[in-house]
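Since the structure comes first, as structure tokens, the remarks are kept for the end.
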Amino acid sequence: MPAASAPRWWPNGPTASPSWRADPLGQGAYILGCAGPRLERDEAAFFAEAAPWGFILFARNIETPDQVRGLCADLRDTVGRDAPILIDQEGGRVQRLRPPHWRQWLAPRDHVDAAGDAAERAMWLRGRLIADELRGVGVDVNCAPCADVARAITHPFLADRCYGDTPETVATLARAIAEGQAAGGVQSVLKHIPGHGRGEVDSHLGLPVVSADRTELDADFAPFRELADLPMAMTAHIVFSAIDPDRPVTQSPEGIFAIRETIGFGGLLMTDDVSMQALGGSIADRAGSSLKAGCDVVLHCNGDRVEMEDVVTASGAMGPAAQERADAVIAARPNPQDADTAALADELAGLLRSRTDA
């Protein structure tokens, strides 16, 4: 990576430093993406000054295993620590690492259906093998499992990413994914808490509004309650009228209270991507209102420099409670367990093939 030039991105010039940077050990309350497959000089300077808690990769950042490993190392070098690097590697449509260098995964629901009675084992194997691919290139956090309960009305953008249509099935299979990933040394991000299955709108493009009452919502919350011990979770950009008719959960103190108290999630709570169109207002407003509502970390994914500058300025450093939860995530990083991944892959193929043949 080229040597970093002097930071140029602060609105008041390179010598101006916002007050939240007075503590050199402060970590930014945000996770950021980068623009391309290699870190540019000015991008490195920006990250060094902004000190994000972590980074996230997308398809635009992926070429080859060696390139991804190099990018992950360069990103961590900018902040001078072993920062978490996240990715969305669910399988199916939401898969950033793809052939020819990595496996092509079925959509989660298709995988579950193909495995039949062996679905729990098949999902553990899936998580373990995905983790092996991620760790191999330096990525240590996967934004999975999805614990959303599929409904007849679930929007197609989410439907085949769900593991089932009952809370019990979803909780069991989401746990299997999380445990498989942990066995491979990868931490999980539980999403989309407190539940997105009743959404009839793609939250990338608009704001879903759900009118179900609290009793009905409790079924959506159930898998998240069962998985509340996971270290990280991602909010749903969705309005539950029974909780807060005016704001999506991500920006709602009442919504975050439901996550913390009704569901009992005590880990690091990140937003879904604040550049999604479910949220209104400026990027700065989206970031600030999410943190004010009770989220710990703002997730910004598209790599747009101007937007990232706004996120950084609006968000600042993590407060003491958020930093404590973030430190707990780092302390809980799992080490990969020894495994014959070729044998695990053969076992998984056998499970899926036997069901298909039958």
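Chain labels follow the order of the structure tokens: the first chain is A, the next B, and so on; residue numbering restarts at 1 in every chain, and ligands are counted from 1 in their shown order.
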
Query raised in the report: If we count only C-alpha atoms, what is near segment 144-159 of chain A at a cut-off of 7 Å, once residues fewer than 2 positions away on the same chain are taken out, given as a list in words?
Result: Glu90, Asn142, Arg161, Cys162, Gly164, Asp165, Thr166, Pro167, Val170, Ala171, Ala174, Ile177, Ala178, Ser188, Val189, Leu190, Lys191, His192, Gly195, His196, Gly197, Arg198, Gly199, Glu200, Val201, Asp202, Asp220, Pro223 and Phe224 of chain A

Query raised in the report: Hey, what's within 9 Å of Arg305 of chain A if we count only C-alpha atoms and toss same-chain stuff fewer than 5 positions away? As a PyMOL selection string, please?
Result: chain A and resi 9+34-35+43+46+310

Report task. Find the residues around segment 238-252 of chain A up to 6 Å (only C-alpha atoms counted), leave out those fewer than 2 positions away in its own chain, and share them as a VMD selection string. Result -> chain A and resid 208 to 211 213 235 to 236 254 to 255 289 to 290 293

Could you save those same residues with C-alpha atoms as a CSV table (one decimal), in the first residue's frame?
```csv
chain,number,residue,atom,x,y,z
A,208,PRO,CA,-41.7,-1.2,5.0
A,209,VAL,CA,-44.5,-0.5,7.5
A,210,VAL,CA,-45.9,-3.4,9.5
A,211,SER,CA,-49.3,-3.0,11.2
A,213,ASP,CA,-50.0,-6.1,16.9
A,235,THR,CA,-31.1,-3.6,12.9
A,236,ALA,CA,-34.1,-3.8,10.5
A,254,GLU,CA,-38.8,2.4,21.4
A,255,GLY,CA,-37.5,0.0,18.7
A,289,SER,CA,-30.5,9.7,14.7
A,290,SER,CA,-29.6,6.0,14.7
A,293,ALA,CA,-31.9,6.0,19.3
```

Query raised in the report: Within 9 Å of segment 314-326 of chain A, counting only C-alpha atoms, which residues qualify if same-chain residues fewer than 5 places away don't, as a VMD selection string?
Result: chain A and resid 18 to 21 26 to 30 50 to 53 231 to 232 266 to 269 283 to 288 291 295 to 298 309 331

Just C-alpha atoms for this one: save the residues we selected as a tab-separated table (two decimals), in the first residue's frame.
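Saved to again.tsv:
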```
chain	number	residue	atom	x	y	z
A	18	PRO	CA	-12.77	17.47	15.49
A	19	SER	CA	-13.09	17.33	19.24
A	20	TRP	CA	-13.94	13.63	19.35
A	21	ARG	CA	-10.46	12.85	18.01
A	26	GLY	CA	-10.95	6.54	20.37
A	27	GLN	CA	-12.61	4.25	17.85
A	28	GLY	CA	-15.22	5.64	15.49
A	29	ALA	CA	-18.82	4.57	15.97
A	30	TYR	CA	-19.06	3.37	12.38
A	50	ALA	CA	-11.41	8.55	10.86
A	51	ALA	CA	-10.43	5.41	12.81
A	52	PRO	CA	-13.53	3.33	12.03
A	53	TRP	CA	-14.25	0.43	14.34
A	231	PRO	CA	-21.97	-10.94	19.83
A	232	MET	CA	-23.37	-8.64	17.13
A	266	GLY	CA	-26.89	-7.33	24.94
A	267	GLY	CA	-24.21	-7.36	22.26
A	268	LEU	CA	-22.94	-4.76	19.80
A	269	LEU	CA	-25.86	-3.33	17.84
A	283	ILE	CA	-26.73	10.69	5.58
A	284	ALA	CA	-25.57	12.70	8.58
A	285	ASP	CA	-29.12	12.81	9.95
A	286	ARG	CA	-29.51	9.08	9.43
A	287	ALA	CA	-26.29	8.33	11.28
A	288	GLY	CA	-26.92	10.72	14.14
A	291	LEU	CA	-26.95	6.50	17.45
A	295	CYS	CA	-27.53	1.84	18.15
A	296	ASP	CA	-23.85	1.37	18.96
A	297	VAL	CA	-22.35	1.54	15.46
A	298	VAL	CA	-23.42	3.01	12.12
A	309	GLU	CA	-17.19	12.06	5.81
A	331	ALA	CA	-12.28	-10.47	23.23
```

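In this model, the gap between atom CA of Gly303 of chain A and atom CA of Gln104 of chain A comes to 25.3 Å.
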
Requested in this report: Would you please work out which residue, of A:Leu134, A:Ala48, A:Leu205, A:Leu106, is nearest to Asp160 of chain A when using only C-alpha atoms?
Outcome: A:Leu106

Query raised in the report: What are the DSSP alpha helix (DSSP H) residues of segment 219-340 of chain A, as a ChimeraX atom specification?
Result: /A:219-226,253-257,283-293,305-315,320-331

Residue subset to file, keeping C-alpha atoms, as a PDB file, in the first residue's frame:
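Now in result.pdb:
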```
ATOM      1  CA  ALA A 219     -43.474 -14.624  16.892  1.00  0.00           C
ATOM      2  CA  ASP A 220     -41.085 -12.573  14.748  1.00  0.00           C
ATOM      3  CA  PHE A 221     -39.027 -11.684  17.803  1.00  0.00           C
ATOM      4  CA  ALA A 222     -38.767 -15.298  19.025  1.00  0.00           C
ATOM      5  CA  PRO A 223     -35.748 -16.460  16.951  1.00  0.00           C
ATOM      6  CA  PHE A 224     -33.823 -13.335  17.927  1.00  0.00           C
ATOM      7  CA  ARG A 225     -34.606 -14.002  21.578  1.00  0.00           C
ATOM      8  CA  GLU A 226     -33.170 -17.504  21.196  1.00  0.00           C
ATOM      9  CA  PRO A 253     -35.672   4.585  20.907  1.00  0.00           C
ATOM     10  CA  GLU A 254     -38.760   2.423  21.397  1.00  0.00           C
ATOM     11  CA  GLY A 255     -37.519   0.020  18.727  1.00  0.00           C
ATOM     12  CA  ILE A 256     -34.086  -0.244  20.310  1.00  0.00           C
ATOM     13  CA  PHE A 257     -35.726  -0.744  23.714  1.00  0.00           C
ATOM     14  CA  ILE A 283     -26.734  10.689   5.578  1.00  0.00           C
ATOM     15  CA  ALA A 284     -25.570  12.698   8.584  1.00  0.00           C
ATOM     16  CA  ASP A 285     -29.119  12.812   9.952  1.00  0.00           C
ATOM     17  CA  ARG A 286     -29.511   9.079   9.433  1.00  0.00           C
ATOM     18  CA  ALA A 287     -26.293   8.325  11.281  1.00  0.00           C
ATOM     19  CA  GLY A 288     -26.924  10.724  14.139  1.00  0.00           C
ATOM     20  CA  SER A 289     -30.514   9.677  14.750  1.00  0.00           C
ATOM     21  CA  SER A 290     -29.556   5.982  14.747  1.00  0.00           C
ATOM     22  CA  LEU A 291     -26.954   6.501  17.447  1.00  0.00           C
ATOM     23  CA  LYS A 292     -29.270   8.760  19.415  1.00  0.00           C
ATOM     24  CA  ALA A 293     -31.920   6.025  19.338  1.00  0.00           C
ATOM     25  CA  ARG A 305     -16.242   9.493   0.321  1.00  0.00           C
ATOM     26  CA  VAL A 306     -18.538  12.477   0.827  1.00  0.00           C
ATOM     27  CA  GLU A 307     -21.149  10.334   2.543  1.00  0.00           C
ATOM     28  CA  MET A 308     -18.515   8.679   4.728  1.00  0.00           C
ATOM     29  CA  GLU A 309     -17.190  12.057   5.808  1.00  0.00           C
ATOM     30  CA  ASP A 310     -20.719  12.990   6.860  1.00  0.00           C
ATOM     31  CA  VAL A 311     -21.105   9.741   8.788  1.00  0.00           C
ATOM     32  CA  VAL A 312     -17.816  10.306  10.602  1.00  0.00           C
ATOM     33  CA  THR A 313     -18.613  13.888  11.506  1.00  0.00           C
ATOM     34  CA  ALA A 314     -22.153  13.061  12.668  1.00  0.00           C
ATOM     35  CA  SER A 315     -21.211   9.938  14.607  1.00  0.00           C
ATOM     36  CA  PRO A 320     -18.269   4.078  26.950  1.00  0.00           C
ATOM     37  CA  ALA A 321     -21.113   1.517  26.813  1.00  0.00           C
ATOM     38  CA  ALA A 322     -20.744   0.963  23.070  1.00  0.00           C
ATOM     39  CA  GLN A 323     -16.964   0.710  23.386  1.00  0.00           C
ATOM     40  CA  GLU A 324     -17.350  -1.862  26.144  1.00  0.00           C
ATOM     41  CA  ARG A 325     -19.595  -3.973  23.917  1.00  0.00           C
ATOM     42  CA  ALA A 326     -17.192  -3.544  21.000  1.00  0.00           C
ATOM     43  CA  ASP A 327     -14.269  -4.622  23.162  1.00  0.00           C
ATOM     44  CA  ALA A 328     -16.274  -7.668  24.240  1.00  0.00           C
ATOM     45  CA  VAL A 329     -16.716  -8.620  20.581  1.00  0.00           C
ATOM     46  CA  ILE A 330     -12.952  -8.478  20.038  1.00  0.00           C
ATOM     47  CA  ALA A 331     -12.282 -10.467  23.229  1.00  0.00           C
TER      48      ALA A 331
END
```

Report task. Please report, as a PyMOL selection string, each residue of segment 77-312 of chain A to which DSSP assigns strand (DSSP E) when run on this structure's backbone. Result -> chain A and resi 85-87+89-91+94-95+141-142+187-193+209-210+232-235+239-240+268-270+298-300

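Across the structure, atom CA of Pro334 of chain A and atom CA of Gly185 of chain A are spaced 4.8 Å apart.
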
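Comparing the minimum interatomic distances between Ala118 of chain A and each of A:Gln89, A:Asp77, A:Leu173, A:Leu57, counting only C-alpha atoms, we find that A:Leu173 sits nearest.
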
Requested in this report: Measuring atom to atom with only C-alpha atoms, identify which of A:Ile56, A:Ala228, A:Val94, A:Val139 is nearest to Ile31 of chain A.
Outcome: A:Ile56
